[in-house]
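Heads up, the thing below is written out as structure tokens.
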Amino acid sequence: MLEFAILIISILSALLTYEIGSVRNKSAVRASAISSLIFGLPVYLAPAAGIAAGAFAMMPAAAMGASFVGMSSTKAVPSRIWIVVSAAVFSGIFLFSSPAFAGNGGGLGISALISVISTIGIKKTATEFRKILAKKSSAH
Amino acid sequence: MNLKLVNAAVFLLIAAFMLLYYGMVYFQMPSPLARGIFFGGAITLCIGLLSQHQVKNRKHAFVRILGVISATLAGGLAAFYLSGLDAGLGIIGPVIAASVVGLAGFEILQKLGKSELAPPMYCGAFIGMSSYAFFSIEMIAAVCLVSAAVYILANDLYAGSGGKLGTIAFIGTTIVRKLGENLF
């Protein structure tokens with residue numbers, strides 16, 4: 001359940017940042033800060049409203065990390081679908097990241113860069129695969 | 001200075017940290033299936049890294065070195081101070097601190113007409129997300145200097161890939177934390 005919630009929050013946050021920052025061409029820094037505030041503030045304010053954040057205390061960090069994924073330029077990650085893939089990869093890395101690095105600033109950022117670079121790798125592999133398939137079908 | 005060599009070295013530094021961080025994920029994998037997915041991810045990560053590697057004899061874009069260092073320091077110290085601040089609702093926490101510093105800093109820098117300094121300032125805000133359990137304010141200042149140096153040298157490597165700033169912050173925090181553990 002928690003894993004699913006983190007996946008959904010990551011995808012939403014990355015898409016929001018990508019939309020404001022890269023597609024609408026407002027600065028990526030501003031977009032990332034806005035989307036992490038949007039997803040972070042409710043969890044932060046929850047205890048004041050008498051709701052225990054509990055397991056959802058991880059949400060703001062997940063949203064912020066995913067917003068870094070969304071900071072990618074349209075040149076590096078050309079479409080929203082790849083942002084969704086990248087955010088899904090990010091949520092996997094976020095859930096299983098090593099406790100050895102806990103407390104180091106930038107852990108979220110490196111998880112985001114790993115997921116963006118992996119997604120570029122997946123995209124490259126997919127295009128090569130499609131080329132090979134096209135060659136095969138034209139040979140017949 | 002041989003720019004090609006510098007570019008290659010910084011590219012490899014960032015790639016090495018990424019592979020280290022990703023490698024450590026392996027030990028958290030709960031099942032054989034997850035480990036299989038891990039290795040699939042490692043292959044795509046390597047393909048992605050290879051496609052990024054374009055070390056040309058580029059001219060480094062002109063960056064104000066002093067501006068980058070002061071923006072990183074300001075962002076880092078402000079976020080670190082803010083994240084430990086006891087607000088009425090409890091400790092503010094790193095995420096809120098970093099995003100508030102990012103947003104406020106961006107608006108201020110834009111007013112000053114120096115919006116090209118917003119990325120290093122946001123990179124500093126990530127450094128300020130470090131835990132009080134492992135870092136003191138002096139260590140954060142040291143991290144900011146290391147990260148500012150990496151930021152200047154990295155220039156347009158990994159340009160446009162989200163998470164580059166956070167990775168630069170991570171390189172600084174890991175180096176300074178390791179040094180701090182061994183020196184003091």
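Following the order of the structure tokens, first chain is A, next is B, and so on, with residues numbered from 1 inside each chain and ligands from 1 in the order they appear.
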
Distance query region 11-23 of chain A at most 10 Å, only C-alpha atoms, self and fewer than 4 positions along chain excluded, as a tab-separated table (two decimals) with N, CA and C atoms, in the first residue's frame:
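Okay, this is what ended up in around-v9.tsv:
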```
chain	number	residue	atom	x	y	z
A	6	ILE	N	3.63	5.73	-2.78
A	6	ILE	CA	4.86	6.42	-3.16
A	6	ILE	C	5.00	6.49	-4.67
A	7	LEU	N	4.63	5.39	-5.35
A	7	LEU	CA	4.68	5.37	-6.81
A	7	LEU	C	3.78	6.46	-7.39
A	27	SER	N	11.10	28.48	-14.86
A	27	SER	CA	12.36	27.88	-14.39
A	27	SER	C	12.15	26.54	-13.68
A	28	ALA	N	13.06	25.57	-13.95
A	28	ALA	CA	12.96	24.25	-13.34
A	28	ALA	C	13.13	24.31	-11.84
A	29	VAL	N	13.99	25.23	-11.37
A	29	VAL	CA	14.22	25.35	-9.92
A	29	VAL	C	12.93	25.73	-9.22
A	30	ARG	N	12.23	26.72	-9.78
A	30	ARG	CA	10.98	27.17	-9.18
A	30	ARG	C	9.95	26.04	-9.22
A	31	ALA	N	9.88	25.34	-10.36
A	31	ALA	CA	8.88	24.28	-10.51
A	31	ALA	C	9.09	23.19	-9.48
A	32	SER	N	10.36	22.79	-9.29
A	32	SER	CA	10.65	21.72	-8.34
A	32	SER	C	10.31	22.15	-6.92
A	33	ALA	N	10.66	23.39	-6.56
A	33	ALA	CA	10.37	23.86	-5.21
A	33	ALA	C	8.86	23.93	-4.98
A	34	ILE	N	8.12	24.41	-5.99
A	34	ILE	CA	6.67	24.52	-5.83
A	34	ILE	C	6.06	23.14	-5.66
A	35	SER	N	6.47	22.17	-6.50
A	35	SER	CA	5.79	20.88	-6.41
A	35	SER	C	6.18	20.15	-5.13
A	36	SER	N	7.42	20.33	-4.63
A	36	SER	CA	7.70	19.67	-3.35
A	36	SER	C	6.98	20.34	-2.20
A	38	ILE	N	3.93	21.66	-2.52
A	38	ILE	CA	2.53	21.23	-2.65
A	38	ILE	C	2.35	19.85	-2.02
A	39	PHE	N	3.31	18.93	-2.28
A	39	PHE	CA	3.14	17.58	-1.75
A	39	PHE	C	3.71	17.43	-0.34
A	62	ALA	N	9.74	11.62	-1.02
A	62	ALA	CA	9.49	10.97	-2.31
A	62	ALA	C	9.07	12.01	-3.34
A	63	ALA	N	8.19	12.93	-2.92
A	63	ALA	CA	7.70	13.95	-3.86
A	63	ALA	C	8.84	14.86	-4.30
A	64	MET	N	9.72	15.22	-3.36
A	64	MET	CA	10.81	16.11	-3.72
A	64	MET	C	11.77	15.41	-4.68
A	65	GLY	N	12.12	14.16	-4.37
A	65	GLY	CA	13.02	13.42	-5.25
A	65	GLY	C	12.45	13.28	-6.64
A	66	ALA	N	11.15	12.98	-6.71
A	66	ALA	CA	10.53	12.81	-8.02
A	66	ALA	C	10.47	14.14	-8.76
A	67	SER	N	10.38	15.25	-8.01
A	67	SER	CA	10.35	16.55	-8.70
A	67	SER	C	11.69	16.82	-9.38
A	68	PHE	N	12.79	16.22	-8.85
A	68	PHE	CA	14.08	16.37	-9.54
A	68	PHE	C	14.05	15.65	-10.88
A	69	VAL	N	13.35	14.50	-10.90
A	69	VAL	CA	13.19	13.79	-12.18
A	69	VAL	C	12.51	14.72	-13.18
A	70	GLY	N	11.49	15.44	-12.69
A	70	GLY	CA	10.74	16.34	-13.57
A	70	GLY	C	11.52	17.56	-14.00
A	71	MET	N	12.68	17.83	-13.35
A	71	MET	CA	13.50	18.98	-13.74
A	71	MET	C	14.23	18.73	-15.06
A	72	SER	N	14.16	17.51	-15.58
A	72	SER	CA	14.83	17.19	-16.85
A	72	SER	C	14.32	18.10	-17.96
A	73	SER	N	15.23	18.46	-18.87
A	73	SER	CA	14.81	19.32	-19.98
A	73	SER	C	14.10	18.49	-21.04
A	74	THR	N	13.35	19.17	-21.89
A	74	THR	CA	12.64	18.45	-22.96
A	74	THR	C	13.63	17.83	-23.95
A	75	LYS	N	14.87	18.32	-23.94
A	75	LYS	CA	15.88	17.76	-24.84
A	75	LYS	C	16.36	16.40	-24.32
A	77	VAL	N	14.78	14.42	-21.89
A	77	VAL	CA	13.64	13.50	-21.80
A	77	VAL	C	12.49	14.12	-22.58
A	78	PRO	N	12.26	13.66	-23.81
A	78	PRO	CA	11.39	14.41	-24.72
A	78	PRO	C	9.89	14.32	-24.44
A	79	SER	N	9.42	13.29	-23.74
A	79	SER	CA	7.96	13.24	-23.60
A	79	SER	C	7.54	12.85	-22.20
A	80	ARG	N	6.24	13.08	-21.93
A	80	ARG	CA	5.71	12.85	-20.58
A	80	ARG	C	5.75	11.37	-20.22
A	81	ILE	N	5.60	10.49	-21.24
A	81	ILE	CA	5.59	9.06	-20.96
A	81	ILE	C	6.92	8.63	-20.33
A	83	ILE	N	8.88	10.53	-18.65
A	83	ILE	CA	8.93	11.08	-17.28
A	83	ILE	C	8.22	10.12	-16.32
A	84	VAL	N	7.08	9.56	-16.77
A	84	VAL	CA	6.35	8.60	-15.93
A	84	VAL	C	7.21	7.37	-15.67
A	85	VAL	N	7.86	6.84	-16.72
A	85	VAL	CA	8.75	5.68	-16.56
A	85	VAL	C	9.86	6.02	-15.57
A	86	SER	N	10.45	7.20	-15.77
A	86	SER	CA	11.55	7.62	-14.93
A	86	SER	C	11.11	7.77	-13.47
A	87	ALA	N	9.92	8.32	-13.25
A	87	ALA	CA	9.42	8.48	-11.88
A	87	ALA	C	9.16	7.12	-11.25
A	88	ALA	N	8.71	6.15	-12.05
A	88	ALA	CA	8.48	4.80	-11.51
A	88	ALA	C	9.80	4.16	-11.10
A	89	VAL	N	10.83	4.32	-11.95
A	89	VAL	CA	12.16	3.80	-11.60
A	89	VAL	C	12.65	4.48	-10.33
A	90	PHE	N	12.43	5.81	-10.26
A	90	PHE	CA	12.86	6.55	-9.07
A	90	PHE	C	12.22	5.99	-7.82
A	91	SER	N	10.91	5.70	-7.87
A	91	SER	CA	10.25	5.25	-6.64
A	91	SER	C	10.82	3.90	-6.19
B	160	GLY	N	20.66	19.02	-18.52
B	160	GLY	CA	19.26	18.71	-18.80
B	160	GLY	C	18.76	17.46	-18.14
B	162	GLY	N	17.54	15.63	-14.99
B	162	GLY	CA	17.12	15.99	-13.64
B	162	GLY	C	17.93	15.22	-12.62
```

Go through chain A and collect every residue that DSSP, computed from the backbone, puts in alpha helix (DSSP H); the answer should be as number ranges by chain.
A: 2-18, 28-45, 59-70, 80-95, 107-139

At most 6 Å to chain B: residues in chain A, only C-alpha atoms, as number ranges by chain
A: 30, 33, 68-69, 71-73, 76, 96-98, 103-107, 109-110, 112-113, 117-118, 120-122

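With CA of Leu77 (chain B) on one side and CA of Ala141 (chain B) on the other, the separation reads 7.0 Å.
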